[in-house]
Structure formats: structure tokens, C-alpha cells
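J.: One structure, pasted below without further comment.
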Amino acid sequence: MMGQIIFFCLFALAIVVFARNARHIYKNIKLGKAVNRSDRPGERLKLMLLVAFGQKKMFKKPLAALLHLCVYVGFCIINIEMLEIVIDGLFGTHRVFSSLGSVYNGLIYAFEWLAFAVLFSCIIFLIRRNALHIYRFGGRELKNWPKTDANLILIAEILLMTAFLFMNAADFKLQQLNHPAYHHAGAFPVSQFLLPLLPESTSTLIGIERFAWWFHIIGVLAFLNYLPISKHLHIILAFPNTYFSKLEPKGKFNNMPAVTEEVKVMLDPSLPPPTGEVSRFGVKDVQDLTWKNLLDAYTCTECGRCTAACPANITGKLLSPRKIMMDTRDRLAEVGQNMVKNGDFQDDNKSLIDTYITREEIWACTTCNACVEACPVNIDPLEIIIGLRQYAVMEESQAPASINAMFGNLENNGATWKYAQADRANWTNQ
Ligand code: SF4
Ligand code: SF4
């Protein structure tokens with residue numbers, strides 16, 4: 001009974017804390033400006049099924065995709081078994097679904113192989129990330145916590161799967177010893193190989209089985225609450241993020257409605273003057289981004305596929321689209337904490353531009369869209385970069401000298417070049 005009470009308290013606490021953190025993230029995302037992404041639901045659903053569920057874009061790198069698929073499918077399916085663990089924990093039963101007979105045996109058989117696949121893939125990922133010098137796993141933004149975060153989660157998954165297999169192995173051995181509390185149930189194609197490692201003593205075996213059981217459930221509940229502070233939040237957010245993807249061609253820039261209105265009035269003075277105040281042109285801080293940009297930031301897996309495809313980064317420039325997303329998320333978390341602490345946002349003399357993302361970074365972008373194309377969860381770092389540039393140009397008149405020269409030419413000559421309009425056709429006289 002004491003075990004059931006402890007289990008109930010831990011389970012309830014984990015759910016309550018997770019719900020509170022999820023609400024906090026939802027509120028942060030809602031700080032973004034409105035953008036309509038609810039059109040064409042059928043197309044969106046198809047995109048989500050292909051990109052998030054089917055992991056279509058991951059398969060541009062087949063080996064990594066296959067290992068990732070093992071972790072993803074394995075982890076999701078094995079957690080179906082969590083249902084049994086939760087029921088057993090709450091009602092003090094043992095392998096409550098074993099009454100399903102051969103169906104149950106088949107499920108445990110599949111779970112064991114999947115657990116092995118997850119274990120194997122995580123070990124390979126750990127070696128690949130730490131021992132091999134893969135370009136996209138480097139970069140200044142991936143030092144300290146992001147590196148620890150990536151390793152921690154792989155180690156956690158290895159430990160969880162190991163606990164799962166040892167739990168089954170001890171259970172299987174107790175079944176073989178005909179212990180009355182461990183009736184014959186399940187099939188153990190992987191954990192049977194662990195039997196020689198286990199002791200013969202019944203009480204020690206029960207201790208190992210119970211320890212692995214508690215370790216597994218506490219580990220999963222801890223993992224649930226680790227998600228909101230980790231890049232692994234993508235296992236949940238990848239689905240809404242791909243659903244709300246931009247459906248227009250990737251290279252299409254959004255017009256700024258306030259500017260369009262101004263230009264129309266300049267071209268046609270008979271139109272009424274624009275109404276309403278524009279609070280800010282472009283993006284200075286996270287509140288100037290759309291909610292989809294902010295959802296993007298929380299969804300980023302820090303995989304670095306965008307950075308590895310970025311011509312600016314490859315040629316040694318400071319820009320890394322992955323860092324743009326990570327900086328946006330970090331600043332958003334900071335703004336969210338500021339609001340929780342003060343009730344409303346209090347100016348902290350910081351902003352996304354300059355405090356987090358430098359001018360050198362934003363002006364290094366070639367707007368080629370390679371990062372958007374490469375991202376396995378349809379994130380758009382370019383939209384944020386463009387917004388920051390718009391702010392620098394339209395609010396501060398600050399642009400690199402070469403771009404200022406082009407603006408001057410546009411103003412004076414109606415073209416990007418420095419030649420007067422009257423001289424444009426001179427080349428025909430050569
Ligand atoms: S759009 Fe900019 S950030 Fe993205 S890949 Fe091209 S140069 Fe890099
Ligand atoms: S933006 Fe996309 S490609 Fe880039 S690191 Fe994040 S998830 Fe990976």
C-alpha cells in the first residue's frame with residue numbers, strides 16, 4: 001500500500017509540474033504577433049504526417065535517419081508499456097495486461113527488440129557526437145549546456161532501456177523459479193541473455209526487479225519534466241510546428257502591410273492617408289516575431305543541419321542559423337521569466353538584436369534559404385534574420401556601407417548602380 005501511495009504522489013507531482021511548465025511555454029509562444037496558419041488543413045496534415053511522423057527530411061542522411069527512427073519509434077512504442085506500469089503502480093498489480101495471453105507475449109517480444117534498438121542507436125549517437133569530428137556537432141553555440149543536454153538525454157535513454165531489460169530479465173528468472181508473485185507471462189528474446197548475470201537468490205532478484213521498475217518509471221517521469229528545458233521538446237513540438245509550416249514558396253518574402261499602404265498612397269495621392277500607428281518596423285526583440293517564429297525556436301533540435309548547409313557558415317562567417325534559433329529561444333525564456341517575476345514585461349535593457357544576435361551575423365546571410373530547406377522540422381531561421389535586418393534599416397538606418405551605397409543609388413538614380421538615369425543607355429554607343 002505504501003508503494004502505491006508513493007507512486008501516486010510521484011505520478012501526480014510529475015503531471016502537475018509538467019502541465020505548469022507546458023502552460024508557461026504556451027504563454028511565451030503567445031507573446032508573438034498574429035499570423036494565420038490555419039488555412040488548407042488537409043495539406044497541412046499531410047505535411048505533418050510526412051515530415052514529423054514520417055521523418056521525410058531526415059532521410060537525406062539515411063544512416064543517421066535510420067538510427068533516429070529506431071530511437072523515435074522504440075521510445076514511443078515502449079512507452080505504451082508505461083500504461084501497464086502506471087496501472088500496476090496505482091493498483092498494486094503485477095503485469096496487469098498479461099491476461100491478454102499471446103498478444104501480451106507478442107507485445108513484450110517486440111518491446112524487447114525495440115529497447116535493444118534504442119540502446120544500440122543511443123550508444124552510436126553518443127560515440128558519433130563525442131568521438132567523431134562531425135562539422136555540425138561543433139560550433140560555438142553547441143558548447144557548455146547544449147552539449148551536456150545532448151549527452152545527458154542519450155545517457156538517460158541508455159539507462160532507461162537497460163533498466164527495462166534488467167527488469168524483464170529478473171522477472172523472467174523469477175518466473176522460471178516459479179515464484180508465486182511472478183506468474184508466467186511475456187516473451188524475453190533480449191533480456192534472456194542477461195540471466196547469467198543475475199543472482200540465484202529470490203529476494204535479491206525481487207530487489208533487482210523492483211529497483212529496475214522504480215528506476216524506469218521515475219526516469220520516465222523525470223524525462224517528462226526535463227523536456228521543457230531541453231532541446232528534446234521537439235519530440236512533442238515537431239508535430240504542431242510542421243503542421244503550421246509556411247505553405248507558400250520558401251523564397252517568398254512577406255510584405256509589410258504598413259509599408260505597402262504608405263507606398264500606395266505615395267503613388268496615388270487620391271487614396272486616403274494610412275491609418276493607425278505602426279509600433280515598430282522589423283524585429284528588435286522576441287515580441288516583434290510571430291508566434292510561429294517562437295514555436296520554431298522551441299522546436300529546434302539543435303541538429304545543425306541548417307548550419308552545415310549555410311554558405312555563410314561554411315565560408316567562415318560568424319552566422320549560424322542554428323544559433324539564431326537557440327538565441328531566440330533563450331531570449332524568449334528570459335522575457336517569459338521577466339514577466340512571471342514582474343507581472344508584466346519590465347525593460348531589462350536587452351534585446352534579441354545586439355544582446356543575443358550581432359549585426360555581423362545578420363548581415364552575413366545570403367538569404368539563400370538553404371537552412372530552411374535543410375531543417376528536418378521545417379524551421380525558418382531566415383524569417384527572423386530578415387526581421388532583424390528590417391529593424392536595423394527601417395528603425396535605425398543602420399546597414400553596412402555597401403548596402404547604404406545601394407540605397408543611395410536607388411534614391412538618386414532609381415537603380416542599384418551609381419549611374420544617372422540619363423546615362424543608362426551609354427553602353428549602346430560603344
Ligand atoms: S538563408 Fe542565410 S542563414 Fe540560411 S543558409 Fe542561407 S545564408 Fe545561411
Ligand atoms: S533550425 Fe532545424 S536544422 Fe537548424 S538546428 Fe534547429 S532543427 Fe536543426
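FYI, nothing fancy with the C-alpha cells labels: chains A, B, ... in order, residues from 1 per chain, ligands from 1 as they appear.
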Distance table requested - segment 270-325 of chain A against segment 252-263 of chain A, cut-off 12 Å, only C-alpha atoms: one row per qualifying residue with the closest atom pair and its distance in Å to one decimal, ordered by chain and rising residue number, as a tab-separated table.
T.:
```
residue	atom	partner	partner_atom	distance
A:Leu271	CA	A:Glu261	CA	9.6
A:Pro272	CA	A:Glu261	CA	9.8
A:Pro273	CA	A:Glu262	CA	7.7
A:Pro274	CA	A:Glu261	CA	6.2
A:Thr275	CA	A:Ala258	CA	9.1
A:Gly276	CA	A:Ala258	CA	8.9
A:Glu277	CA	A:Ala258	CA	8.9
A:Val278	CA	A:Ala258	CA	7.0
A:Ser279	CA	A:Ala258	CA	10.3
A:Arg280	CA	A:Ala258	CA	10.1
A:Phe281	CA	A:Met256	CA	8.3
A:Gly282	CA	A:Met256	CA	8.7
A:Val283	CA	A:Met256	CA	11.9
```
J.: Create the file for the chosen residues now, containing C-alpha atoms and written as a CSV table (one decimal), in the first residue's frame.
T.:
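Dumped to result.csv:
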```
chain,number,residue,atom,x,y,z
A,271,LEU,CA,-6.0,57.5,-51.7
A,272,PRO,CA,-6.8,58.3,-48.0
A,273,PRO,CA,-3.6,58.6,-45.8
A,274,PRO,CA,-2.7,55.4,-43.9
A,275,THR,CA,-4.4,55.0,-40.6
A,276,GLY,CA,-3.1,53.5,-37.3
A,277,GLU,CA,0.3,53.7,-35.7
A,278,VAL,CA,3.0,51.2,-36.5
A,279,SER,CA,4.6,50.3,-33.2
A,280,ARG,CA,7.8,49.1,-34.8
A,281,PHE,CA,9.2,48.1,-38.2
A,282,GLY,CA,11.0,44.8,-38.2
A,283,VAL,CA,12.2,42.8,-35.2
```
J.: Each residue of chain A lying at most 9 Å from ligand 2 should get a row with its shortest atom-to-atom pair and the distance in Å to one decimal, counting only C-alpha atoms and all ligand atoms; could you produce that, ordered by chain and increasing number, as a Markdown table?
T.:
```
| residue | atom | partner | partner_atom_place_in_ligand_line | distance |
| --- | --- | --- | --- | --- |
| A:Arg136 | CA | ligand 2 | 5 (S) | 8.8 |
| A:His234 | CA | ligand 2 | 7 (S) | 8.4 |
| A:Asp296 | CA | ligand 2 | 1 (S) | 7.6 |
| A:Ala297 | CA | ligand 2 | 6 (Fe) | 7.7 |
| A:Thr299 | CA | ligand 2 | 7 (S) | 6.9 |
| A:Cys300 | CA | ligand 2 | 6 (Fe) | 3.8 |
| A:Thr301 | CA | ligand 2 | 7 (S) | 4.2 |
| A:Glu302 | CA | ligand 2 | 5 (S) | 3.7 |
| A:Cys303 | CA | ligand 2 | 8 (Fe) | 3.9 |
| A:Gly304 | CA | ligand 2 | 5 (S) | 3.9 |
| A:Arg305 | CA | ligand 2 | 3 (S) | 4.3 |
| A:Cys306 | CA | ligand 2 | 3 (S) | 4.1 |
| A:Thr307 | CA | ligand 2 | 4 (Fe) | 6.3 |
| A:Ala308 | CA | ligand 2 | 3 (S) | 8.6 |
| A:Ala309 | CA | ligand 2 | 3 (S) | 8.9 |
| A:Ser320 | CA | ligand 2 | 4 (Fe) | 8.7 |
| A:Pro321 | CA | ligand 2 | 4 (Fe) | 6.2 |
| A:Arg322 | CA | ligand 2 | 5 (S) | 4.3 |
| A:Lys323 | CA | ligand 2 | 5 (S) | 7.8 |
| A:Ile324 | CA | ligand 2 | 1 (S) | 8.2 |
| A:Met325 | CA | ligand 2 | 1 (S) | 6.1 |
| A:Met326 | CA | ligand 2 | 6 (Fe) | 7.8 |
| A:Cys371 | CA | ligand 2 | 3 (S) | 6.5 |
| A:Val372 | CA | ligand 2 | 2 (Fe) | 7.4 |
| A:Glu373 | CA | ligand 2 | 3 (S) | 8.5 |
| A:Ala374 | CA | ligand 2 | 3 (S) | 5.8 |
| A:Cys375 | CA | ligand 2 | 3 (S) | 3.5 |
| A:Pro376 | CA | ligand 2 | 2 (Fe) | 5.8 |
| A:Val377 | CA | ligand 2 | 7 (S) | 5.9 |
| A:Asn378 | CA | ligand 2 | 2 (Fe) | 6.6 |
| A:Ile379 | CA | ligand 2 | 1 (S) | 5.2 |
| A:Asp380 | CA | ligand 2 | 1 (S) | 6.9 |
| A:Pro381 | CA | ligand 2 | 1 (S) | 6.4 |
```
J.: Ligand 1: which residues are within 6 Å, counting only C-alpha atoms and all ligand atoms, as an MDAnalysis selection string?
T.: chainID A and resid 309:312 321 365:371 382
J.: Point out the residue among A:Cys9, A:Ala212, A:Ile386, A:Leu165 with the least atom-to-atom distance to Leu114 of chain A, counting only C-alpha atoms.
T.: A:Leu165
J.: One decimal, in Å: what's the spacing between atom CA of Phe7 of chain A and atom CA of Gly89 of chain A?
T.: 6.0 Å
J.: From the set A:Val190, A:Ala401, A:Met82, A:Ala333, which residue has the shortest atom-to-atom contact distance to Asn21 of chain A, counting only C-alpha atoms?
T.: A:Ala333
J.: Using atom CA of Ile385 of chain A and atom CA of Lys292 of chain A as the two end points, give the distance in Å to one decimal.
T.: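 So the two atoms, atom CA of Ile385 of chain A and atom CA of Lys292 of chain A, lie 14.3 Å apart.
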J.: Fewer than 6 positions away in the same chain doesn't count, so skip those; otherwise give me all residues within 12 Å of Pro180 of chain A, counting only C-alpha atoms, as a JSON list (two decimals) with N, CA and C atoms, in the first residue's frame.
T.:
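Wrote it out as out17.json, contents follow:
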```
[["chain", "number", "residue", "atom", "x", "y", "z"],
["A", 94, "HIS", "N", 0.55, -6.77, -10.81],
["A", 94, "HIS", "CA", 1.82, -7.07, -11.47],
["A", 94, "HIS", "C", 1.55, -7.57, -12.88],
["A", 171, "ASP", "N", 12.44, -10.57, -13.81],
["A", 171, "ASP", "CA", 11.07, -11.10, -13.81],
["A", 171, "ASP", "C", 11.06, -12.51, -14.42],
["A", 174, "LEU", "N", 12.55, -15.03, -12.10],
["A", 174, "LEU", "CA", 11.62, -15.34, -11.01],
["A", 174, "LEU", "C", 10.49, -16.25, -11.51],
["A", 202, "THR", "N", 16.22, -15.51, -4.54],
["A", 202, "THR", "CA", 14.91, -14.96, -4.90],
["A", 202, "THR", "C", 14.76, -13.53, -4.38],
["A", 206, "ILE", "N", 14.09, -10.22, -6.60],
["A", 206, "ILE", "CA", 12.93, -9.32, -6.44],
["A", 206, "ILE", "C", 13.43, -7.89, -6.25]]
```
J.: Using only C-alpha atoms, can you tell me which of A:Leu247, A:Leu294, A:Val16, A:Ala169 comes closest to Pro196 of chain A?
T.: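 Result for the nearest residue to Pro196 of chain A: A:Ala169.
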J.: Have a look at A:Asp354, A:Glu395, A:Glu84, A:Asp39 and name the one nearest to Trp213 of chain A; count only C-alpha atoms.
T.: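 Comparing A:Asp354, A:Glu395, A:Glu84, A:Asp39 against Trp213 of chain A, the winner is A:Glu84.
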